[in-house]
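File shown: input-v5.cif (mmCIF, C-alpha atoms).
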```
data_run
loop_
_atom_site.label_atom_id
_atom_site.label_comp_id
_atom_site.auth_asym_id
_atom_site.auth_seq_id
_atom_site.Cartn_x
_atom_site.Cartn_y
_atom_site.Cartn_z
CA MET A 1 1.51 0.96 -16.76
CA ASP A 2 -1.42 1.44 -19.08
CA ILE A 3 -3.35 -1.78 -19.56
CA LYS A 4 -5.73 -2.70 -22.35
CA ASN A 5 -7.46 -6.08 -22.37
CA GLY A 6 -4.92 -7.45 -19.92
CA ARG A 7 -1.86 -6.29 -21.89
CA THR A 8 0.53 -3.38 -21.46
CA VAL A 9 0.00 -0.69 -24.06
CA LYS A 10 2.04 2.31 -25.10
CA GLY A 11 5.44 1.15 -26.07
CA VAL A 12 7.79 -0.42 -23.65
CA ASN A 13 11.39 -1.00 -24.54
CA PHE A 14 12.59 -3.61 -22.12
CA VAL A 15 15.09 -5.64 -24.09
CA ASP A 16 15.38 -8.21 -21.32
CA LEU A 17 11.71 -9.12 -21.38
CA ARG A 18 10.38 -12.15 -23.19
CA ASP A 19 7.06 -10.43 -23.69
CA ALA A 20 7.03 -6.67 -23.16
CA GLY A 21 3.26 -6.69 -23.44
CA ASP A 22 2.75 -8.88 -20.38
CA PRO A 23 2.08 -6.61 -17.40
CA VAL A 24 3.06 -9.32 -14.94
CA GLU A 25 6.48 -9.74 -16.47
CA LEU A 26 7.00 -5.99 -16.62
CA ALA A 27 5.81 -5.61 -13.02
CA ASP A 28 8.26 -8.25 -11.90
CA ALA A 29 11.11 -6.54 -13.75
CA TYR A 30 10.28 -3.18 -12.18
CA SER A 31 9.98 -4.69 -8.74
CA LYS A 32 13.42 -6.28 -9.11
CA ALA A 33 14.84 -3.02 -10.47
CA GLY A 34 13.86 -1.28 -7.22
CA ALA A 35 10.52 0.41 -7.94
CA ASP A 36 8.70 1.15 -4.67
CA GLU A 37 5.21 0.87 -6.01
CA LEU A 38 3.41 0.08 -9.26
CA VAL A 39 0.29 1.62 -10.71
CA PHE A 40 -1.84 -0.13 -13.31
CA LEU A 41 -4.32 1.93 -15.24
CA ASP A 42 -6.86 -0.07 -17.19
CA ILE A 43 -8.07 1.64 -20.35
CA SER A 44 -10.01 -1.21 -21.93
CA ALA A 45 -13.61 -0.70 -22.77
CA THR A 46 -14.85 -4.22 -23.35
CA GLU A 47 -17.64 -6.17 -21.71
CA GLU A 48 -15.20 -8.56 -20.06
CA ARG A 49 -12.94 -5.84 -18.70
CA ARG A 50 -13.80 -6.49 -15.06
CA LYS A 51 -12.97 -10.16 -15.26
CA THR A 52 -9.79 -9.57 -17.26
CA LEU A 53 -8.59 -6.94 -14.80
CA ALA A 54 -9.37 -9.07 -11.74
CA ASN A 55 -7.43 -11.92 -13.30
CA LEU A 56 -4.48 -9.64 -14.03
CA VAL A 57 -4.50 -8.35 -10.44
CA LEU A 58 -4.40 -11.90 -9.14
CA ARG A 59 -1.45 -12.77 -11.37
CA VAL A 60 0.46 -9.63 -10.32
CA ALA A 61 -0.18 -10.33 -6.62
CA GLU A 62 1.10 -13.85 -7.08
CA LYS A 63 4.37 -12.68 -8.55
CA VAL A 64 5.22 -9.28 -7.11
CA ASN A 65 6.32 -8.45 -3.55
CA ILE A 66 5.81 -4.69 -3.58
CA PRO A 67 2.55 -2.73 -3.31
CA PHE A 68 0.46 -1.91 -6.35
CA THR A 69 -2.50 0.29 -7.16
CA VAL A 70 -5.14 -0.43 -9.77
CA GLY A 71 -7.29 2.16 -11.50
CA GLY A 72 -9.41 2.73 -14.56
CA GLY A 73 -13.16 2.46 -14.85
CA ILE A 74 -13.76 1.75 -11.16
CA SER A 75 -17.18 3.08 -10.28
CA SER A 76 -18.65 1.01 -7.46
CA VAL A 77 -17.99 -0.59 -4.09
CA GLU A 78 -18.36 -3.95 -5.81
CA ASP A 79 -15.63 -3.14 -8.37
CA VAL A 80 -13.23 -2.31 -5.55
CA ASP A 81 -14.16 -5.35 -3.52
CA ILE A 82 -13.25 -7.65 -6.42
CA LEU A 83 -9.89 -5.98 -7.01
CA LEU A 84 -8.88 -5.97 -3.34
CA GLN A 85 -9.93 -9.59 -2.93
CA ASN A 86 -7.71 -10.51 -5.83
CA GLY A 87 -4.72 -8.87 -4.17
CA ALA A 88 -4.61 -5.18 -5.14
CA ASP A 89 -3.29 -3.01 -2.30
CA LYS A 90 -4.98 0.17 -3.35
CA VAL A 91 -7.45 1.30 -5.97
CA SER A 92 -7.59 4.61 -7.70
CA VAL A 93 -10.76 6.39 -8.77
CA ASN A 94 -10.96 9.43 -11.01
CA SER A 95 -13.94 10.36 -13.22
CA SER A 96 -16.38 8.25 -11.22
CA ALA A 97 -15.50 10.22 -8.09
CA VAL A 98 -16.16 13.52 -9.86
CA LYS A 99 -19.50 12.25 -11.15
CA ASN A 100 -20.43 10.74 -7.79
CA PRO A 101 -18.33 12.16 -4.93
CA GLN A 102 -20.23 10.05 -2.38
CA LEU A 103 -18.36 7.06 -3.87
CA ILE A 104 -15.23 8.21 -2.02
CA ASN A 105 -17.07 8.18 1.31
CA ASP A 106 -18.56 4.77 0.59
CA LEU A 107 -15.22 3.26 -0.38
CA ALA A 108 -13.39 4.75 2.61
CA ALA A 109 -16.07 3.50 4.99
CA LYS A 110 -16.07 0.00 3.55
CA PHE A 111 -12.36 -0.57 2.88
CA GLY A 112 -10.54 2.15 4.85
CA SER A 113 -8.94 5.35 3.56
CA GLN A 114 -5.55 3.69 3.30
CA CYS A 115 -6.48 1.84 0.11
CA ILE A 116 -8.41 4.62 -1.64
CA THR A 117 -6.38 6.82 -3.99
CA VAL A 118 -8.15 9.58 -5.85
CA ALA A 119 -6.51 10.44 -9.16
CA ILE A 120 -6.95 14.03 -10.33
CA ASP A 121 -6.04 15.24 -13.83
CA ALA A 122 -5.90 19.00 -14.12
CA LYS A 123 -4.66 21.78 -16.35
CA GLN A 124 -4.60 25.55 -16.19
CA ILE A 125 -7.28 27.52 -17.95
CA ASN A 126 -6.79 31.29 -17.76
CA GLY A 127 -4.41 30.77 -14.87
CA GLU A 128 -6.77 28.59 -12.85
CA TRP A 129 -6.17 24.88 -12.30
CA LYS A 130 -9.29 23.05 -13.52
CA VAL A 131 -10.01 19.37 -13.05
CA HIS A 132 -10.37 17.42 -16.30
CA LEU A 133 -11.90 14.04 -17.04
CA VAL A 134 -11.32 11.22 -19.51
CA GLY A 135 -7.56 11.49 -19.49
CA GLY A 136 -7.64 15.28 -19.55
CA LYS A 137 -9.97 15.62 -22.52
CA VAL A 138 -13.12 16.86 -20.80
CA PRO A 139 -12.89 20.03 -18.69
CA THR A 140 -15.02 20.49 -15.58
CA GLU A 141 -15.85 23.52 -13.49
CA LEU A 142 -14.00 22.07 -10.51
CA ASN A 143 -11.00 23.92 -9.12
CA LEU A 144 -8.10 21.56 -8.44
CA PHE A 145 -7.40 22.74 -4.89
CA GLU A 146 -11.05 22.82 -3.84
CA TRP A 147 -11.67 19.38 -5.28
CA ALA A 148 -8.53 17.99 -3.64
CA LYS A 149 -9.68 19.34 -0.27
CA GLU A 150 -13.12 17.81 -0.75
CA VAL A 151 -11.59 14.50 -1.71
CA GLU A 152 -9.54 14.50 1.49
CA GLU A 153 -12.57 15.36 3.62
CA ARG A 154 -14.56 12.55 2.00
CA GLY A 155 -11.94 10.03 3.09
CA ALA A 156 -9.37 9.57 0.33
CA GLY A 157 -6.09 8.22 1.66
CA GLU A 158 -3.90 9.69 -1.06
CA ILE A 159 -4.04 11.88 -4.16
CA LEU A 160 -2.41 11.10 -7.48
CA PHE A 161 -2.14 14.46 -9.22
CA THR A 162 -1.34 14.54 -12.93
CA SER A 163 -0.74 17.89 -14.55
CA MET A 164 -2.02 17.71 -18.12
CA ASP A 165 0.08 20.82 -18.84
CA HIS A 166 3.22 18.89 -17.96
CA ASP A 167 2.34 15.32 -18.96
CA GLY A 168 4.40 14.23 -21.96
CA THR A 169 6.55 17.39 -22.01
CA LYS A 170 9.52 15.80 -20.19
CA ASP A 171 10.04 19.28 -18.82
CA GLY A 172 9.55 18.59 -15.12
CA PHE A 173 6.63 18.16 -12.72
CA ALA A 174 4.05 20.85 -11.79
CA ASN A 175 5.92 21.76 -8.64
CA LYS A 176 4.10 24.95 -7.70
CA ALA A 177 0.68 23.29 -7.77
CA LEU A 178 2.12 20.24 -6.03
CA ALA A 179 3.64 22.31 -3.23
CA ARG A 180 0.34 24.07 -2.69
CA LEU A 181 -1.54 20.76 -2.56
CA SER A 182 1.00 19.41 -0.12
CA GLU A 183 0.66 22.45 2.13
CA GLU A 184 -3.13 22.55 2.07
CA LEU A 185 -3.73 18.85 2.50
CA ASN A 186 -2.79 16.36 5.18
CA ILE A 187 -2.71 13.23 3.01
CA PRO A 188 0.14 12.05 0.77
CA ILE A 189 0.40 13.55 -2.73
CA ILE A 190 1.87 11.61 -5.65
CA ALA A 191 3.35 13.76 -8.42
CA SER A 192 2.70 12.68 -12.00
CA GLY A 193 3.32 14.16 -15.42
CA GLY A 194 6.45 15.77 -16.80
CA ALA A 195 9.34 13.55 -15.75
CA GLY A 196 12.20 13.83 -18.24
CA ASN A 197 15.39 13.55 -16.25
CA MET A 198 16.63 12.73 -12.77
CA GLN A 199 16.81 16.36 -11.65
CA HIS A 200 13.05 16.63 -12.23
CA PHE A 201 12.51 14.02 -9.54
CA VAL A 202 14.85 15.82 -7.13
CA ASP A 203 12.94 19.05 -7.80
CA THR A 204 9.50 17.55 -7.27
CA PHE A 205 10.49 16.19 -3.87
CA LYS A 206 12.25 19.40 -2.80
CA GLU A 207 10.24 22.18 -4.46
CA GLY A 208 7.01 20.29 -5.08
CA LYS A 209 7.06 18.70 -1.60
CA ALA A 210 5.68 15.54 -3.20
CA ASP A 211 5.44 12.40 -1.10
CA ALA A 212 6.02 10.16 -4.11
CA ALA A 213 6.65 10.57 -7.82
CA LEU A 214 5.19 8.54 -10.66
CA ALA A 215 6.58 8.16 -14.16
CA ALA A 216 6.05 5.77 -17.03
CA SER A 217 7.83 6.42 -20.30
CA VAL A 218 11.24 7.41 -18.88
CA PHE A 219 11.30 3.98 -17.25
CA HIS A 220 9.60 2.06 -20.08
CA PHE A 221 12.17 3.38 -22.55
CA LYS A 222 15.07 3.00 -20.15
CA GLU A 223 15.91 6.67 -20.30
CA ILE A 224 16.28 6.54 -16.53
CA GLU A 225 17.34 3.48 -14.55
CA ILE A 226 15.51 3.25 -11.24
CA LYS A 227 18.71 2.39 -9.39
CA ASP A 228 20.54 5.46 -10.76
CA LEU A 229 17.57 7.65 -9.94
CA LYS A 230 17.44 6.45 -6.35
CA GLU A 231 21.15 7.03 -5.90
CA GLU A 232 20.73 10.53 -7.28
CA LEU A 233 17.87 11.20 -4.86
CA GLN A 234 19.89 9.89 -1.96
CA SER A 235 22.86 12.09 -2.84
CA ASN A 236 20.42 15.01 -2.68
CA ASN A 237 19.40 14.00 0.86
CA ILE A 238 16.02 12.66 -0.14
CA PRO A 239 15.45 9.43 1.82
CA VAL A 240 14.91 6.45 -0.48
CA ARG A 241 14.96 2.67 -0.23
CA LEU A 242 18.05 1.41 -2.00
CA MET B 243 4.56 -27.45 8.03
CA LYS B 244 0.95 -26.42 8.38
CA ILE B 245 0.42 -22.67 8.01
CA VAL B 246 -2.99 -21.15 8.59
CA ILE B 247 -3.99 -17.59 7.73
CA ILE B 248 -6.96 -16.64 9.87
CA ASP B 249 -9.77 -15.69 7.54
CA TYR B 250 -12.33 -13.52 9.29
CA GLY B 251 -13.23 -11.31 6.35
CA ALA B 252 -10.81 -8.47 7.14
CA GLY B 253 -8.84 -7.41 4.14
CA ASN B 254 -6.29 -8.50 1.63
CA ILE B 255 -5.14 -11.98 2.57
CA GLN B 256 -4.43 -13.12 -0.97
CA SER B 257 -1.09 -11.28 -0.92
CA ILE B 258 0.04 -13.04 2.27
CA LYS B 259 -0.92 -16.39 0.81
CA PHE B 260 1.10 -15.64 -2.33
CA ALA B 261 4.11 -14.39 -0.33
CA ILE B 262 4.20 -17.68 1.58
CA GLN B 263 3.82 -19.53 -1.69
CA ARG B 264 6.88 -17.68 -3.06
CA LEU B 265 8.81 -19.01 -0.05
CA GLY B 266 7.88 -22.54 -1.07
CA TYR B 267 5.07 -23.26 1.39
CA GLU B 268 1.32 -23.48 1.12
CA ALA B 269 -0.90 -21.59 3.52
CA VAL B 270 -4.52 -22.42 4.23
CA LEU B 271 -7.17 -19.76 4.79
CA SER B 272 -9.40 -20.77 7.66
CA ASN B 273 -11.80 -19.62 10.33
CA ASN B 274 -12.19 -23.12 11.73
CA PRO B 275 -10.98 -23.16 15.39
CA GLU B 276 -9.72 -26.75 15.23
CA GLU B 277 -7.78 -26.16 12.05
CA ILE B 278 -6.25 -23.00 13.50
CA MET B 279 -5.28 -24.73 16.75
CA GLU B 280 -3.60 -27.59 14.90
CA ALA B 281 -1.46 -25.33 12.72
CA ASP B 282 2.31 -25.03 13.20
CA LYS B 283 2.22 -21.35 12.38
CA VAL B 284 -0.70 -18.95 12.43
CA ILE B 285 -0.94 -15.63 10.63
CA PHE B 286 -3.46 -13.10 11.87
CA PRO B 287 -3.95 -10.47 9.15
CA GLY B 288 -6.08 -7.38 9.10
CA VAL B 289 -6.72 -4.38 6.92
CA GLY B 290 -9.44 -1.81 7.38
CA GLU B 291 -11.13 -0.26 10.37
CA ALA B 292 -10.48 -1.65 13.87
CA SER B 293 -13.96 -1.78 15.42
CA SER B 294 -15.55 -3.48 12.41
CA ALA B 295 -12.66 -5.96 12.19
CA MET B 296 -13.02 -6.73 15.89
CA LYS B 297 -16.75 -7.20 15.42
CA LYS B 298 -16.10 -9.73 12.65
CA LEU B 299 -13.58 -11.50 14.84
CA LYS B 300 -16.11 -11.76 17.66
CA GLU B 301 -18.85 -12.98 15.33
CA SER B 302 -16.62 -15.86 14.31
CA GLY B 303 -15.75 -16.56 17.96
CA LEU B 304 -12.05 -16.20 17.21
CA ASP B 305 -11.50 -13.36 19.71
CA THR B 306 -11.28 -15.91 22.52
CA LEU B 307 -9.31 -18.45 20.51
CA VAL B 308 -6.40 -16.27 19.31
CA PRO B 309 -5.02 -15.33 22.78
CA LYS B 310 -5.03 -19.05 23.74
CA LEU B 311 -2.91 -20.19 20.81
CA ARG B 312 0.43 -21.78 21.76
CA GLN B 313 2.22 -21.95 18.40
CA PRO B 314 3.97 -18.91 16.83
CA VAL B 315 1.35 -16.37 15.78
CA LEU B 316 2.13 -13.38 13.55
CA GLY B 317 -0.27 -10.44 13.53
CA ILE B 318 0.15 -8.14 10.55
CA CYS B 319 -0.86 -4.46 10.44
CA LEU B 320 -4.36 -4.20 11.91
CA GLY B 321 -3.90 -7.80 13.12
CA MET B 322 -1.04 -6.58 15.32
CA GLN B 323 -3.08 -3.63 16.56
CA LEU B 324 -6.01 -5.87 17.52
CA MET B 325 -3.59 -7.98 19.58
CA CYS B 326 -2.94 -4.91 21.78
CA ASN B 327 -4.99 -3.83 24.82
CA TYR B 328 -6.92 -1.11 23.11
CA THR B 329 -6.99 1.09 20.00
CA GLU B 330 -8.30 4.62 19.68
CA GLU B 331 -9.69 3.68 16.26
CA GLY B 332 -13.40 3.19 16.84
CA ASP B 333 -12.69 3.12 20.62
CA THR B 334 -11.98 -0.59 20.34
CA LYS B 335 -10.95 -3.04 23.05
CA GLY B 336 -8.31 -5.41 21.74
CA LEU B 337 -7.25 -8.95 22.57
CA GLY B 338 -4.86 -7.77 25.29
CA ILE B 339 -1.88 -9.86 24.21
CA PHE B 340 0.52 -6.93 23.91
CA ASP B 341 0.33 -4.55 26.87
CA VAL B 342 0.00 -1.31 24.93
CA ASP B 343 -2.70 1.11 23.73
CA VAL B 344 -2.75 2.06 20.04
CA LEU B 345 -3.01 5.79 19.31
CA ARG B 346 -3.67 7.97 16.28
CA PHE B 347 -0.72 9.74 14.64
CA ASN B 348 -0.89 13.36 15.72
CA HIS B 349 2.55 14.85 15.34
CA GLY B 350 2.35 17.15 12.35
CA VAL B 351 2.71 14.30 9.88
CA LYS B 352 0.50 13.22 7.00
CA VAL B 353 -2.02 10.59 7.99
CA PRO B 354 -2.19 7.80 6.91
CA GLN B 355 1.47 6.98 6.61
CA ILE B 356 1.60 5.27 3.21
CA GLY B 357 4.93 4.05 1.96
CA TRP B 358 8.35 2.83 2.93
CA ASN B 359 10.05 3.54 6.23
CA GLN B 360 13.05 2.15 8.08
CA ILE B 361 13.07 -0.30 10.98
CA GLU B 362 15.66 -0.19 13.74
CA SER B 363 16.49 -1.36 17.26
CA LEU B 364 15.84 -4.87 15.98
CA GLU B 365 15.68 -7.38 18.82
CA SER B 366 14.27 -10.71 17.78
CA PRO B 367 14.97 -13.88 15.79
CA LEU B 368 12.23 -12.49 13.55
CA PHE B 369 14.92 -10.13 12.24
CA ALA B 370 17.71 -12.66 11.72
CA ASP B 371 19.95 -11.43 8.88
CA ILE B 372 18.03 -8.16 8.64
CA ASN B 373 20.15 -5.03 8.91
CA GLU B 374 19.26 -2.02 10.98
CA LYS B 375 17.49 0.67 8.95
CA GLU B 376 16.22 -1.63 6.25
CA TYR B 377 13.08 -0.38 4.50
CA ILE B 378 9.66 -1.96 5.00
CA TYR B 379 6.23 -1.01 3.61
CA LEU B 380 3.57 0.48 5.86
CA VAL B 381 0.04 1.77 5.51
CA HIS B 382 -1.52 2.99 8.75
CA SER B 383 -3.05 5.88 10.69
CA TYR B 384 -2.64 4.48 14.21
CA TYR B 385 0.50 3.34 16.00
CA ALA B 386 1.65 1.42 19.06
CA PRO B 387 4.06 3.44 21.25
CA VAL B 388 7.39 1.93 22.27
CA VAL B 389 6.91 -0.46 25.21
CA GLU B 390 8.56 -3.47 26.82
CA ASP B 391 7.24 -5.81 24.08
CA THR B 392 8.75 -3.67 21.29
CA ILE B 393 11.22 -5.54 19.05
CA ALA B 394 11.54 -2.96 16.26
CA THR B 395 10.91 0.75 16.00
CA SER B 396 10.32 3.29 13.25
CA ASN B 397 10.03 7.03 13.27
CA TYR B 398 7.12 8.98 11.84
CA GLY B 399 6.92 12.23 13.75
CA VAL B 400 7.26 9.99 16.80
CA GLU B 401 9.29 6.88 17.52
CA TYR B 402 6.88 3.95 17.68
CA SER B 403 6.69 0.14 17.59
CA THR B 404 6.85 -1.41 14.14
CA ALA B 405 7.05 -4.88 15.69
CA LEU B 406 6.01 -6.42 19.00
CA HIS B 407 6.72 -9.76 20.63
CA LYS B 408 5.41 -11.53 23.70
CA ASN B 409 5.80 -15.25 24.33
CA ASN B 410 4.65 -17.02 21.14
CA PHE B 411 3.00 -13.89 19.73
CA TYR B 412 4.60 -11.60 17.17
CA GLY B 413 3.16 -8.57 15.47
CA THR B 414 4.40 -6.35 12.67
CA GLN B 415 2.88 -2.99 11.84
CA PHE B 416 4.45 -3.25 8.40
CA HIS B 417 3.41 -5.62 5.63
CA PRO B 418 6.16 -8.23 5.20
CA GLU B 419 4.27 -9.59 2.20
CA LYS B 420 4.72 -6.20 0.47
CA SER B 421 8.20 -5.32 1.71
CA SER B 422 10.23 -6.79 -1.11
CA MET B 423 13.17 -9.08 -0.25
CA VAL B 424 13.43 -7.74 3.32
CA GLY B 425 9.81 -8.66 3.98
CA GLU B 426 10.25 -12.10 2.46
CA ARG B 427 13.20 -12.73 4.76
CA ILE B 428 11.18 -11.67 7.81
CA LEU B 429 8.32 -13.98 6.81
CA LYS B 430 10.82 -16.77 6.30
CA ASN B 431 12.28 -16.10 9.76
CA PHE B 432 8.80 -16.36 11.23
CA LEU B 433 8.17 -19.66 9.48
CA ASN B 434 11.55 -20.89 10.78
CA LEU B 435 10.66 -20.23 14.44
CA SER B 436 10.47 -23.43 16.43
CA THR B 437 6.95 -24.59 17.10
CA THR B 438 6.22 -25.24 20.78
CA ASN B 439 2.78 -26.61 20.35
#
```

Could you render the structure as structure tokens?
Amino acid sequence: MDIKNGRTVKGVNFVDLRDAGDPVELADAYSKAGADELVFLDISATEERRKTLANLVLRVAEKVNIPFTVGGGISSVEDVDILLQNGADKVSVNSSAVKNPQLINDLAAKFGSQCITVAIDAKQINGEWKVHLVGGKVPTELNLFEWAKEVEERGAGEILFTSMDHDGTKDGFANKALARLSEELNIPIIASGGAGNMQHFVDTFKEGKADAALAASVFHFKEIEIKDLKEELQSNNIPVRL
Amino acid sequence: MKIVIIDYGAGNIQSIKFAIQRLGYEAVLSNNPEEIMEADKVIFPGVGEASSAMKKLKESGLDTLVPKLRQPVLGICLGMQLMCNYTEEGDTKGLGIFDVDVLRFNHGVKVPQIGWNQIESLESPLFADINEKEYIYLVHSYYAPVVEDTIATSNYGVEYSTALHKNNFYGTQFHPEKSSMVGERILKNFLNLSTTN
């Protein structure tokens, strides 16, 4: 879920919601529909963003009985402390970790690796996977696999990998890169970007060796029902909570 | 019913408070020994690193209080691990309630284990109306092997204890407050245990 000023942005098409813009209501609906975990990405850029986000986290924790991760603009130990105190289970850092890799060590030491997710956006340039910042807009010199390894060594508990080449295509996840990450690293990898149909999820668990898969629009627009998806995964011998 | 969540500065206790609230009860956060002793039910949470959590517990003097409690006590996640004899994490001596040493996962699996897993071999009123192989949510790098006090097991490269019980003490490696309806039922079962204070 993308959040701006405490509201869900990007369209959501949940006919059974009173207020599709309220992240808490959407979170509750997803939790009841069988989602295993929720991720909130804050994209607001206002002065009050910290306070608004902390308040949202508190309201989600009050309502929802499954784990959730919060990311977007987190750049200090203090930011994380506030979010965890308000009930977030995990936080995700992205650009701030690239700019200041020591942040990962500091967060892992203070809060434990288990609640530190590092989000990595990458796309291929001349055949090489390069890490990008600001939602994939700004390229860096970092190689995806080297950065992922460094992130693990610095204490990240999990990696959320979004392929900018696949995001929005609805053509399937970046399974080759995912499988390589999964083989080279010893922490869980979440696949993100490219989900279009149920087979894509089956493929990313089997071929991409992903530990979890994340999607937004296919769920927001009810193109895939979570229950159907889980049944499909189970019938393909992928263990899921039903 | 008076429910106290022991507040010694170790981790996310807001979620436990809210989970109890969803069950229709109010829990109090406290590090006050008298308030803890007078409670009908005590929850001993914990998230983070073992040696620093134990240090905080000692600083608040609660390390000697917890093992003396007589009412039902539920340790969650690191709380459960600290109730054991010892944990490899930070070479930490525990409270010695459960007679088991906590070890690091080392069986060709990804560490930490983050996500949903199944519980089985359920042997306790804590699991009333819970089916074998239900899913619960876990986040951990260390585990308690299967021992006499084990009342539920899971498998993650190795079969291990996902819940322990001895006398009035219960411990769950998983987070009932994050384990959807199954977790809520387990929390409710804990709150329904008779209080022998």

Q: Write out as a PyMOL selection string the residues lying within 12 Å of Cys115 in chain A, counting all atoms listed in the file and excluding same-chain residues fewer than 6 positions away.
A: (chain A and resi 67-71+80-81+83-84+87-93+104+107-109+155-159) or (chain B and resi 253-254+289-291+354-357+380-383)

Q) If we count all atoms listed in the file, what is near Met423 in chain B at a cut-off of 10 Å, once residues fewer than 6 positions away on the same chain are taken out, given as a list of chain:residue names? A) A:Lys32, A:Asn65, A:Ile66, B:Tyr377, B:Ile378, B:Leu429

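Across the structure, CA of Leu242 in chain A and CA of Ala212 in chain A are spaced 15.0 Å apart.
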
Q: Report as a VMD selection string the residues that result from applying the PyMOL selection byres ((chain B and resi 315) around 12) to the structure here.
A: chain B and resid 245 to 248 278 to 279 281 to 287 307 to 314 316 to 318 321 to 322 325 339 368 406 to 414 429 432 to 433 435 to 439

Apply the PyMOL selection byres ((chain A and resi 166) around 10) to the displayed file and report the matching residues as an mmCIF file with C-alpha atoms, keeping the file's coordinate frame.
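Output file result_39.cif is given in full below:
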```cif
data_model
loop_
_atom_site.group_PDB
_atom_site.id
_atom_site.type_symbol
_atom_site.label_atom_id
_atom_site.label_comp_id
_atom_site.auth_asym_id
_atom_site.auth_seq_id
_atom_site.Cartn_x
_atom_site.Cartn_y
_atom_site.Cartn_z
ATOM 1 C CA ALA A 122 -5.900 19.000 -14.120
ATOM 2 C CA LYS A 123 -4.660 21.780 -16.350
ATOM 3 C CA THR A 162 -1.340 14.540 -12.930
ATOM 4 C CA SER A 163 -0.740 17.890 -14.550
ATOM 5 C CA MET A 164 -2.020 17.710 -18.120
ATOM 6 C CA ASP A 165 0.080 20.820 -18.840
ATOM 7 C CA ASP A 167 2.340 15.320 -18.960
ATOM 8 C CA GLY A 168 4.400 14.230 -21.960
ATOM 9 C CA THR A 169 6.550 17.390 -22.010
ATOM 10 C CA LYS A 170 9.520 15.800 -20.190
ATOM 11 C CA ASP A 171 10.040 19.280 -18.820
ATOM 12 C CA GLY A 172 9.550 18.590 -15.120
ATOM 13 C CA PHE A 173 6.630 18.160 -12.720
ATOM 14 C CA ALA A 174 4.050 20.850 -11.790
ATOM 15 C CA SER A 192 2.700 12.680 -12.000
ATOM 16 C CA GLY A 193 3.320 14.160 -15.420
ATOM 17 C CA GLY A 194 6.450 15.770 -16.800
ATOM 18 C CA ALA A 195 9.340 13.550 -15.750
#
```

Q: Identify all residues satisfying the PyMOL selection byres ((chain A and resi 146) around 12) in the given file; provide them as a ChimeraX atom specification.
A: /A:120,128-131,141-145,147-153,180-181,184-185

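The interatomic distance for the pair CA of Leu320 in chain B and CA of Glu37 in chain A works out to 20.9 Å.
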
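Separating CA of Met198 in chain A from CA of Lys176 in chain A is a distance of 18.2 Å.
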
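When only C-alpha atoms are used to measure the gap to chain B, the shortest distance among A:Met1, A:Val134, A:Val60, A:Val9 belongs to A:Val60.
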
Mind running chain B against chain A at 6 Å and telling me each contacting residue's nearest atom pair with the distance in Å (one decimal), counting only C-alpha atoms, chain and number ascending, as a Markdown table?
```
| residue | atom | partner | partner_atom | distance |
| --- | --- | --- | --- | --- |
| B:Asn254 | CA | A:Gln85 | CA | 5.9 |
| B:Gln256 | CA | A:Gly87 | CA | 5.3 |
| B:Ser257 | CA | A:Gly87 | CA | 5.4 |
| B:Phe260 | CA | A:Glu62 | CA | 5.1 |
| B:Gly290 | CA | A:Gly112 | CA | 4.8 |
| B:Lys352 | CA | A:Asn186 | CA | 4.9 |
| B:Val353 | CA | A:Ile187 | CA | 5.7 |
| B:Tyr377 | CA | A:Arg241 | CA | 5.9 |
| B:Lys420 | CA | A:Ile66 | CA | 4.5 |
| B:Ser421 | CA | A:Ile66 | CA | 5.8 |
| B:Ser422 | CA | A:Asn65 | CA | 4.9 |
```

Would you save the residues of that selection, restricted to C-alpha atoms, as a JSON list (two decimals), in the frame of the given file?
```json
[["chain", "number", "residue", "atom", "x", "y", "z"],
["B", 254, "ASN", "CA", -6.29, -8.50, 1.63],
["B", 256, "GLN", "CA", -4.43, -13.12, -0.97],
["B", 257, "SER", "CA", -1.09, -11.28, -0.92],
["B", 260, "PHE", "CA", 1.10, -15.64, -2.33],
["B", 290, "GLY", "CA", -9.44, -1.81, 7.38],
["B", 352, "LYS", "CA", 0.50, 13.22, 7.00],
["B", 353, "VAL", "CA", -2.02, 10.59, 7.99],
["B", 377, "TYR", "CA", 13.08, -0.38, 4.50],
["B", 420, "LYS", "CA", 4.72, -6.20, 0.47],
["B", 421, "SER", "CA", 8.20, -5.32, 1.71],
["B", 422, "SER", "CA", 10.23, -6.79, -1.11]]
```

Output of range 303-320 of chain B limited to C-alpha atoms, as a compact mmCIF listing (two decimals), in the first residue's frame:
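Here's the written file out-v5.txt:
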```
# COMPACT_ATOMS: atom_id res chain seq x y z
CA GLY B 303 15.03 -6.20 39.32
CA LEU B 304 12.41 -8.30 37.54
CA ASP B 305 14.77 -11.24 36.88
CA THR B 306 14.19 -12.47 40.43
CA LEU B 307 10.49 -11.64 40.47
CA VAL B 308 9.34 -13.48 37.31
CA PRO B 309 10.36 -17.03 38.40
CA LYS B 310 8.49 -16.50 41.71
CA LEU B 311 5.16 -15.60 40.11
CA ARG B 312 2.29 -17.97 40.91
CA GLN B 313 -0.39 -16.87 38.43
CA PRO B 314 -0.36 -17.95 34.74
CA VAL B 315 2.57 -16.28 32.98
CA LEU B 316 2.96 -16.25 29.19
CA GLY B 317 6.39 -15.55 27.72
CA ILE B 318 6.31 -14.55 24.06
CA CYS B 319 9.20 -14.96 21.60
CA LEU B 320 12.34 -13.67 23.32
```
